[in-house]
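Colleague: query.pdb is the file, holding PDB, C-alpha atoms:
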ATOM      1  CA  MET A1309       0.722 -19.983  18.897
ATOM      2  CA  SER A1310       2.894 -23.033  19.619
ATOM      3  CA  SER A1311       2.599 -24.227  16.018
ATOM      4  CA  ARG A1312       3.771 -20.845  14.830
ATOM      5  CA  ARG A1313       6.702 -20.902  17.189
ATOM      6  CA  SER A1314       7.891 -24.279  15.938
ATOM      7  CA  ARG A1315       7.460 -23.154  12.350
ATOM      8  CA  SER A1316       9.560 -20.099  12.956
ATOM      9  CA  ARG A1317      12.294 -22.161  14.559
ATOM     10  CA  GLN A1318      12.495 -24.371  11.523
ATOM     11  CA  SER A1319      12.303 -21.600   8.965
ATOM     12  CA  GLY A1320      15.101 -19.121   9.567
ATOM     13  CA  SER A1321      18.273 -18.338  11.378
ATOM     14  CA  SER A1322      16.562 -15.531  13.329
ATOM     15  CA  ARG A1323      14.560 -16.718  16.317
ATOM     16  CA  ILE A1324      11.235 -14.929  16.123
ATOM     17  CA  THR A1325      10.044 -14.184  19.613
ATOM     18  CA  ASP A1326       6.540 -13.707  20.858
ATOM     19  CA  GLU A1327       7.600 -10.262  21.899
ATOM     20  CA  GLN A1328       8.422  -9.361  18.304
ATOM     21  CA  ILE A1329       5.076 -10.661  17.184
ATOM     22  CA  SER A1330       3.161  -8.784  19.839
ATOM     23  CA  ASP A1331       5.158  -5.681  18.970
ATOM     24  CA  LEU A1332       4.150  -6.000  15.322
ATOM     25  CA  VAL A1333       0.551  -6.641  16.301
ATOM     26  CA  SER A1334       0.477  -3.516  18.454
ATOM     27  CA  LYS A1335       1.952  -1.479  15.597
ATOM     28  CA  LEU A1336      -0.762  -2.821  13.322
ATOM     29  CA  GLN A1337      -3.345  -2.006  15.931
ATOM     30  CA  ASP A1338      -2.150   1.584  16.103
ATOM     31  CA  LEU A1339      -2.838   1.930  12.397
ATOM     32  CA  LEU A1340      -6.429   0.853  12.709
ATOM     33  CA  PRO A1341      -8.957   3.674  12.945
ATOM     34  CA  GLU A1342     -10.669   2.139  15.961
ATOM     35  CA  ALA A1343      -7.461   2.038  17.962
ATOM     36  CA  ARG A1344      -8.007   5.539  19.228
ATOM     37  CA  LEU A1345     -11.407   4.719  20.624
ATOM     38  CA  ARG A1346     -10.677   1.797  22.903
ATOM     39  CA  GLY A1347      -7.855   0.995  25.299
ATOM     40  CA  ASN A1348      -5.018  -0.482  23.341
ATOM     41  CA  ASP A1349      -3.819  -3.029  25.847
ATOM     42  CA  ARG A1350      -6.781  -5.291  26.144
ATOM     43  CA  VAL A1351      -7.380  -6.209  22.517
ATOM     44  CA  PRO A1352      -6.469  -9.804  21.606
ATOM     45  CA  SER A1353      -4.417 -10.324  18.483
ATOM     46  CA  SER A1354      -7.113 -12.288  16.678
ATOM     47  CA  ARG A1355      -9.356  -9.259  16.992
ATOM     48  CA  VAL A1356      -6.572  -7.034  15.651
ATOM     49  CA  LEU A1357      -6.169  -9.319  12.649
ATOM     50  CA  GLN A1358      -9.874  -9.299  12.003
ATOM     51  CA  GLU A1359     -10.032  -5.521  12.195
ATOM     52  CA  THR A1360      -7.017  -5.335   9.905
ATOM     53  CA  CYS A1361      -8.677  -7.541   7.306
ATOM     54  CA  SER A1362     -11.906  -5.543   7.348
ATOM     55  CA  TYR A1363      -9.968  -2.277   7.272
ATOM     56  CA  ILE A1364      -7.977  -3.385   4.223
ATOM     57  CA  ARG A1365     -11.190  -4.491   2.547
ATOM     58  CA  SER A1366     -12.835  -1.132   3.228
ATOM     59  CA  LEU A1367      -9.757   0.671   1.887
ATOM     60  CA  HIS A1368      -9.938  -1.442  -1.263
ATOM     61  CA  ARG A1369     -13.578  -0.548  -1.652
ATOM     62  CA  GLU A1370     -12.796   3.126  -1.184
ATOM     63  CA  VAL A1371     -10.072   2.938  -3.825
ATOM     64  CA  ASP A1372     -12.499   1.224  -6.190
ATOM     65  CA  ASP A1373     -15.126   3.926  -5.655
ATOM     66  CA  LEU A1374     -12.535   6.633  -6.155
ATOM     67  CA  SER A1375     -11.347   4.913  -9.337
ATOM     68  CA  GLU A1376     -14.891   4.931 -10.680
ATOM     69  CA  ARG A1377     -15.269   8.580  -9.846
ATOM     70  CA  LEU A1378     -11.903   9.471 -11.346
ATOM     71  CA  SER A1379     -12.646   7.572 -14.551
ATOM     72  CA  GLU A1380     -15.894   9.484 -14.970
ATOM     73  CA  LEU A1381     -14.193  12.782 -14.228
ATOM     74  CA  LEU A1382     -11.377  12.040 -16.623
ATOM     75  CA  ALA A1383     -13.755  11.099 -19.407
ATOM     76  CA  THR A1384     -15.624  14.367 -19.202
ATOM     77  CA  SER A1385     -12.839  16.780 -18.414
ATOM     78  CA  ASP A1386     -10.644  18.728 -20.749
ATOM     79  CA  MET A1387      -7.139  17.383 -20.285
ATOM     80  CA  SER A1388      -5.186  20.632 -20.581
ATOM     81  CA  THR A1389      -7.126  22.530 -17.933
ATOM     82  CA  ALA A1390      -7.183  19.429 -15.725
ATOM     83  CA  GLN A1391      -3.435  19.100 -16.004
ATOM     84  CA  ALA A1392      -2.927  22.753 -15.141
ATOM     85  CA  ALA A1393      -5.207  22.443 -12.131
ATOM     86  CA  VAL A1394      -3.454  19.302 -10.883
ATOM     87  CA  ILE A1395      -0.004  20.852 -11.189
ATOM     88  CA  ARG A1396      -1.210  23.994  -9.472
ATOM     89  CA  SER A1397      -2.638  21.996  -6.572
ATOM     90  CA  LEU A1398       0.617  20.054  -6.219
ATOM     91  CA  LEU A1399       2.700  23.195  -6.125
ATOM     92  CA  MET A1400       0.640  24.827  -3.415
TER
ATOM     93  CA  MET B1097      41.961   7.359  18.189
ATOM     94  CA  ALA B1098      40.515  10.844  18.316
ATOM     95  CA  SER B1099      40.381  11.054  14.541
ATOM     96  CA  THR B1100      38.406   7.795  14.232
ATOM     97  CA  SER B1101      35.908   8.839  16.865
ATOM     98  CA  SER B1102      35.373  12.219  15.206
ATOM     99  CA  SER B1103      34.983  10.578  11.808
ATOM    100  CA  THR B1104      32.343   8.187  13.144
ATOM    101  CA  SER B1105      30.445  11.074  14.693
ATOM    102  CA  VAL B1106      30.599  12.909  11.370
ATOM    103  CA  ASP B1107      29.322   9.769   9.658
ATOM    104  CA  GLU B1108      26.468   9.556  12.112
ATOM    105  CA  ARG B1109      25.538  13.190  11.586
ATOM    106  CA  GLU B1110      25.607  12.744   7.816
ATOM    107  CA  ARG B1111      23.461   9.668   8.069
ATOM    108  CA  LYS B1112      20.954  11.507  10.265
ATOM    109  CA  ARG B1113      20.892  14.434   7.862
ATOM    110  CA  LYS B1114      20.347  12.128   4.914
ATOM    111  CA  ARG B1115      17.521  10.421   6.727
ATOM    112  CA  ALA B1116      15.872  13.735   7.515
ATOM    113  CA  ASP B1117      16.378  15.128   4.034
ATOM    114  CA  SER B1118      15.243  12.325   1.833
ATOM    115  CA  THR B1119      13.497   9.539   3.647
ATOM    116  CA  PRO B1120      12.958   7.479   0.495
ATOM    117  CA  SER B1121      16.678   6.967  -0.091
ATOM    118  CA  VAL B1122      17.412   5.202   3.197
ATOM    119  CA  GLY B1123      16.991   1.462   2.988
ATOM    120  CA  ALA B1124      16.663   0.077   6.485
ATOM    121  CA  GLY B1125      15.231   1.432   9.712
ATOM    122  CA  ALA B1126      11.751   1.185  11.121
ATOM    123  CA  GLU B1127      11.586   4.926  11.732
ATOM    124  CA  ALA B1128      12.036   5.652   8.019
ATOM    125  CA  GLN B1129       9.040   3.506   7.128
ATOM    126  CA  PRO B1130       6.111   5.103   9.024
ATOM    127  CA  SER B1131       6.856   8.611   7.853
ATOM    128  CA  LYS B1132       7.481   7.403   4.320
ATOM    129  CA  TRP B1133       3.858   7.303   3.319
ATOM    130  CA  ARG B1134       2.882  10.421   5.204
ATOM    131  CA  THR B1135       5.294  13.027   3.878
ATOM    132  CA  ARG B1136       3.953  15.657   1.552
ATOM    133  CA  ARG B1137       6.729  14.846  -0.878
ATOM    134  CA  GLU B1138       5.602  11.227  -1.202
ATOM    135  CA  HIS B1139       2.078  12.507  -1.731
ATOM    136  CA  GLU B1140       3.264  14.796  -4.513
ATOM    137  CA  ILE B1141       5.357  12.097  -6.168
ATOM    138  CA  TYR B1142       2.481   9.666  -6.091
ATOM    139  CA  SER B1143      -0.050  12.227  -7.284
ATOM    140  CA  SER B1144       2.005  13.219 -10.299
ATOM    141  CA  LYS B1145       2.729   9.580 -11.188
ATOM    142  CA  LEU B1146      -0.932   8.778 -10.789
ATOM    143  CA  PHE B1147      -2.031  11.607 -12.997
ATOM    144  CA  GLU B1148       0.430  10.597 -15.700
ATOM    145  CA  ALA B1149      -0.831   7.027 -15.586
ATOM    146  CA  LEU B1150      -4.432   8.212 -15.679
ATOM    147  CA  ARG B1151      -3.705  10.378 -18.692
ATOM    148  CA  LEU B1152      -2.334   7.330 -20.479
ATOM    149  CA  VAL B1153      -5.373   5.303 -19.456
ATOM    150  CA  ARG B1154      -7.624   7.959 -20.900
ATOM    151  CA  GLY B1155      -5.557   8.279 -24.044
ATOM    152  CA  GLY B1156      -5.394   4.555 -24.732
ATOM    153  CA  GLY B1157      -8.937   3.917 -23.619
ATOM    154  CA  SER B1158     -10.397   4.260 -27.066
ATOM    155  CA  THR B1159      -8.310   1.389 -28.397
ATOM    156  CA  SER B1160      -9.020  -1.083 -25.589
ATOM    157  CA  ALA B1161     -11.928  -3.531 -25.533
ATOM    158  CA  SER B1162     -14.880  -1.592 -24.120
ATOM    159  CA  PRO B1163     -14.186   2.106 -23.985
ATOM    160  CA  SER B1164     -17.665   3.193 -23.035
ATOM    161  CA  SER B1165     -18.320   0.809 -20.142
ATOM    162  CA  ALA B1166     -17.701   2.471 -16.809
ATOM    163  CA  PRO B1167     -16.558  -0.628 -14.864
ATOM    164  CA  ALA B1168     -13.783  -1.367 -17.354
ATOM    165  CA  ARG B1169     -12.537   2.207 -17.170
ATOM    166  CA  GLY B1170     -12.801   2.201 -13.389
ATOM    167  CA  ARG B1171     -10.818  -1.026 -13.243
ATOM    168  CA  ALA B1172      -8.162   0.463 -15.513
ATOM    169  CA  VAL B1173      -7.914   3.475 -13.229
ATOM    170  CA  ARG B1174      -7.659   1.201 -10.185
ATOM    171  CA  GLU B1175      -4.878  -0.826 -11.788
ATOM    172  CA  ALA B1176      -2.996   2.305 -12.806
ATOM    173  CA  ALA B1177      -3.321   3.638  -9.256
ATOM    174  CA  ASP B1178      -2.072   0.361  -7.778
ATOM    175  CA  ARG B1179       0.847   0.294 -10.194
ATOM    176  CA  ALA B1180       1.791   3.870  -9.339
ATOM    177  CA  LEU B1181       1.568   2.977  -5.653
ATOM    178  CA  ALA B1182       3.800  -0.049  -6.165
ATOM    179  CA  VAL B1183       6.345   2.074  -8.024
ATOM    180  CA  ALA B1184       6.276   4.620  -5.226
ATOM    181  CA  ALA B1185       7.282   1.854  -2.818
ATOM    182  CA  ARG B1186      10.564   1.594  -4.763
ATOM    183  CA  GLY B1187      10.598  -2.183  -4.652
ATOM    184  CA  ARG B1188      11.285  -2.351  -0.948
ATOM    185  CA  SER B1189       8.109  -4.183  -0.012
ATOM    186  CA  ARG B1190       6.875  -7.562  -1.130
ATOM    187  CA  TRP B1191       3.361  -6.427  -2.004
ATOM    188  CA  SER B1192       4.681  -3.736  -4.352
ATOM    189  CA  ARG B1193       6.881  -6.235  -6.183
ATOM    190  CA  ALA B1194       3.936  -8.621  -6.401
ATOM    191  CA  ILE B1195       1.698  -5.940  -7.932
ATOM    192  CA  LEU B1196       4.251  -5.058 -10.596
ATOM    193  CA  ALA B1197       5.168  -8.679 -11.275
ATOM    194  CA  SER B1198       1.579  -9.841 -11.546
ATOM    195  CA  ARG B1199       0.767  -7.126 -14.043
ATOM    196  CA  ARG B1200       3.757  -8.067 -16.205
ATOM    197  CA  ARG B1201       2.836 -11.733 -15.953
ATOM    198  CA  ARG B1202      -0.723 -10.951 -16.905
ATOM    199  CA  LEU B1203       0.333  -8.969 -19.945
ATOM    200  CA  GLN B1204       2.587 -11.763 -21.171
ATOM    201  CA  ALA B1205       0.442 -14.856 -20.639
ATOM    202  CA  ALA B1206      -3.131 -14.185 -19.605
ATOM    203  CA  HIS B1207      -4.550 -17.690 -19.504
ATOM    204  CA  ARG B1208      -1.501 -19.184 -17.776
ATOM    205  CA  ALA B1209      -2.173 -17.080 -14.672
ATOM    206  CA  ARG B1210      -5.823 -18.064 -14.834
ATOM    207  CA  LEU B1211      -4.886 -21.737 -14.899
ATOM    208  CA  ARG B1212      -2.663 -21.265 -11.881
ATOM    209  CA  ALA B1213      -5.168 -19.322  -9.825
ATOM    210  CA  PRO B1214      -7.902 -21.955  -9.448
ATOM    211  CA  ALA B1215      -5.329 -24.488  -8.231
ATOM    212  CA  CYS B1216      -4.344 -22.494  -5.158
ATOM    213  CA  PRO B1217      -7.745 -21.791  -3.580
ATOM    214  CA  SER B1218      -8.760 -25.438  -3.967
ATOM    215  CA  ARG B1219      -5.754 -26.473  -1.899
ATOM    216  CA  HIS B1220      -6.492 -24.161   0.997
ATOM    217  CA  PRO B1221     -10.019 -25.231   1.920
ATOM    218  CA  SER B1222      -9.027 -28.911   1.815
ATOM    219  CA  ALA B1223      -6.232 -28.291   4.314
ATOM    220  CA  ALA B1224      -8.596 -26.454   6.623
ATOM    221  CA  ALA B1225     -11.150 -29.246   6.314
ATOM    222  CA  ALA B1226      -8.513 -31.847   7.197
ATOM    223  CA  GLU B1227      -7.675 -30.019  10.421
ATOM    224  CA  GLY B1228     -11.321 -29.473  11.137
ATOM    225  CA  LYS B1229     -12.089 -26.446  13.256
ATOM    226  CA  LYS B1230      -8.927 -27.154  15.247
ATOM    227  CA  ALA B1231      -6.917 -24.622  13.219
ATOM    228  CA  PRO B1232      -6.447 -21.699  15.595
ATOM    229  CA  ALA B1233      -8.491 -18.625  14.781
ATOM    230  CA  LEU B1234      -5.282 -16.629  14.599
ATOM    231  CA  ALA B1235      -3.865 -18.787  11.796
ATOM    232  CA  ARG B1236      -7.118 -18.648   9.883
ATOM    233  CA  LYS B1237      -7.247 -14.864  10.109
ATOM    234  CA  ALA B1238      -3.592 -14.673   9.129
ATOM    235  CA  LYS B1239      -4.421 -16.650   5.993
ATOM    236  CA  VAL B1240      -7.243 -14.253   5.139
ATOM    237  CA  LEU B1241      -4.898 -11.346   5.672
ATOM    238  CA  GLY B1242      -2.297 -13.005   3.474
ATOM    239  CA  ARG B1243      -4.829 -13.235   0.676
ATOM    240  CA  LEU B1244      -5.781  -9.565   1.013
ATOM    241  CA  VAL B1245      -2.253  -8.220   0.748
ATOM    242  CA  PRO B1246      -0.892  -8.961  -2.743
ATOM    243  CA  GLY B1247       1.922 -11.463  -2.915
ATOM    244  CA  CYS B1248       1.902 -12.340   0.767
ATOM    245  CA  GLN B1249       0.041 -15.614   0.852
ATOM    246  CA  LYS B1250       2.861 -17.838   2.036
ATOM    247  CA  LEU B1251       4.737 -15.433   4.279
ATOM    248  CA  PRO B1252       5.572 -16.304   7.879
ATOM    249  CA  PHE B1253       3.536 -14.458  10.430
ATOM    250  CA  PRO B1254       5.881 -11.599  11.433
ATOM    251  CA  ALA B1255       6.754 -10.747   7.828
ATOM    252  CA  LEU B1256       3.064 -10.808   6.966
ATOM    253  CA  LEU B1257       2.313  -8.347   9.761
ATOM    254  CA  SER B1258       4.994  -5.886   8.704
ATOM    255  CA  GLU B1259       3.947  -6.145   5.047
ATOM    256  CA  ALA B1260       0.343  -5.555   6.077
ATOM    257  CA  SER B1261       1.199  -2.445   8.096
ATOM    258  CA  ASP B1262       3.197  -0.988   5.213
ATOM    259  CA  TYR B1263       0.413  -1.856   2.795
ATOM    260  CA  ILE B1264      -2.193  -0.168   4.981
ATOM    261  CA  LYS B1265      -0.144   3.015   5.177
ATOM    262  CA  ALA B1266       0.348   2.973   1.411
ATOM    263  CA  LEU B1267      -3.365   2.390   0.810
ATOM    264  CA  GLU B1268      -4.223   5.310   3.063
ATOM    265  CA  MET B1269      -1.918   7.526   1.052
ATOM    266  CA  GLN B1270      -3.490   6.226  -2.125
ATOM    267  CA  VAL B1271      -6.946   7.127  -0.838
ATOM    268  CA  ARG B1272      -5.797  10.596   0.223
ATOM    269  CA  ALA B1273      -4.123  11.262  -3.127
ATOM    270  CA  MET B1274      -7.041   9.989  -5.198
ATOM    271  CA  THR B1275      -9.528  11.972  -3.129
ATOM    272  CA  ALA B1276      -7.515  15.150  -3.606
ATOM    273  CA  LEU B1277      -7.178  14.439  -7.318
ATOM    274  CA  ALA B1278     -10.907  13.849  -7.639
ATOM    275  CA  GLU B1279     -11.616  17.132  -5.886
ATOM    276  CA  VAL B1280      -9.266  19.009  -8.190
ATOM    277  CA  LEU B1281     -10.827  17.458 -11.269
ATOM    278  CA  ALA B1282     -14.342  18.062  -9.974
ATOM    279  CA  SER B1283     -13.597  21.722  -9.386
ATOM    280  CA  VAL B1284     -12.122  21.963 -12.877
ATOM    281  CA  SER B1285     -15.125  20.464 -14.571
ATOM    282  CA  SER B1286     -17.635  22.385 -12.473
ATOM    283  CA  SER B1287     -16.027  25.798 -12.880
ATOM    284  CA  SER B1288     -16.589  27.379 -16.248
ATOM    285  CA  GLY B1289     -12.991  28.312 -16.854
ATOM    286  CA  PRO B1290      -9.521  28.496 -15.330
ATOM    287  CA  GLY B1291      -8.635  30.741 -12.444
ATOM    288  CA  SER B1292      -9.580  28.677  -9.420
ATOM    289  CA  ALA B1293      -8.973  30.183  -6.012
ATOM    290  CA  SER B1294      -5.401  30.484  -4.807
ATOM    291  CA  ALA B1295      -2.456  31.107  -7.000
ATOM    292  CA  GLY B1296       0.451  28.710  -7.033
ATOM    293  CA  SER B1297       3.294  29.405  -4.662
ATOM    294  CA  SER B1298       6.778  30.133  -5.831
ATOM    295  CA  SER B1299       8.359  26.963  -4.514
ATOM    296  CA  SER B1300       8.615  24.167  -7.016
ATOM    297  CA  SER B1301       9.245  20.601  -5.923
ATOM    298  CA  PRO B1302      12.704  19.359  -6.911
ATOM    299  CA  ALA B1303      12.895  16.470  -9.362
TER
END
Let me see the file written as structure tokens.

Modeller:
Amino acid sequence: MSSRRSRSRQSGSSRITDEQISDLVSKLQDLLPEARLRGNDRVPSSRVLQETCSYIRSLHREVDDLSERLSELLATSDMSTAQAAVIRSLLM
Amino acid sequence: MASTSSSTSVDERERKRKRADSTPSVGAGAEAQPSKWRTRREHEIYSSKLFEALRLVRGGGSTSASPSSAPARGRAVREAADRALAVAARGRSRWSRAILASRRRRLQAAHRARLRAPACPSRHPSAAAAEGKKAPALARKAKVLGRLVPGCQKLPFPALLSEASDYIKALEMQVRAMTALAEVLASVSSSSGPGSASAGSSSSSPA
């Protein structure tokens, strides 16, 4: 952490405190799906970063799977009825 | 004195009303950001943009390289979804600008980006090898995170964290919107004709 502190002092006019960093880390931790299961105070930040990376990767994979599914659905569906159904679902 | 104080209170009330009415229009403020990706309105905006983009993908699919291969079409859908997501961010986050910029760069000069890409990863492992395993685990994980979020490789740590949290929220909205869209399309293709369950309500979303 000391290397990061020196880097932040050199980089900008705003002094980035450890408190800010831990605040950001806790916000990130709250986003993670596992945050609700365990006590939030005792998780080290390296673990939070690791969970964040794996969570982003799983989200990417989910988006890829959904893209595959959507491409198949779009190829086989009739566009006019699909459009009507989408607009109807958005208006509801 | 009384007039200035009343005017400032009016300003504050207007600002609060604006923030409550249309969260996308307010620039700063941490409280505007978390709700931004969770409002129904953002979901609707993204869903309609996504569907438009997907329609174009489908329409132009016959002219592109391999129209019948599923991975190419899936990738096109993924890119359209990412672009729509980046547009929905309204340029206020670094990852969204990076997504839009990289696509433009790729359209203009394909091989130039490919020449640049192999140079960067070769630099990173050599730096890590020079430090040995002494590089703190936190910095290593921050680098991995920086590679996962588009356009955030060289950000300082706090900016990287805030970009990552915004990106995660946006990705979650993307997943929700695409799932809902897939369900709608699946119900359309499975049902024989129109007339699925509930009728549309009278309220129409403003432009």

Colleague: Give me, as an MDAnalysis selection string, the contact residues of chain B against chain A at a cut-off of 6 Å, counting all atoms listed in the file.

Modeller: chainID B and resid 1169:1170 1173:1174 1234 1241 1254 1261 1278 1285 1296:1297

Colleague: Could you check how far atom CA of B:Arg1136 sits from atom CA of B:Leu1152, in Å to one decimal?

Modeller: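 Between atom CA of B:Arg1136 and atom CA of B:Leu1152 the gap works out to 24.4 Å.
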
Colleague: How far is it from atom CA of B:Leu1196 to atom CA of B:Asp1178, in Å with one decimal?

Modeller: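 Computing it gives 8.8 Å between the two atoms.
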
Colleague: Any idea what the distance is between atom CA of B:Ala1182 and atom CA of B:Ile1195?

Modeller: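 Result for atom CA of B:Ala1182 versus atom CA of B:Ile1195: 6.5 Å, one decimal.
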
Colleague: Kindly indicate which residue among B:Ala1233, B:Tyr1263, B:Arg1201, B:Ala1184 lies nearest to B:Arg1137, using all atoms listed in the file for the distances.

Modeller: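 Among the listed residues, B:Ala1184 lies closest to B:Arg1137.
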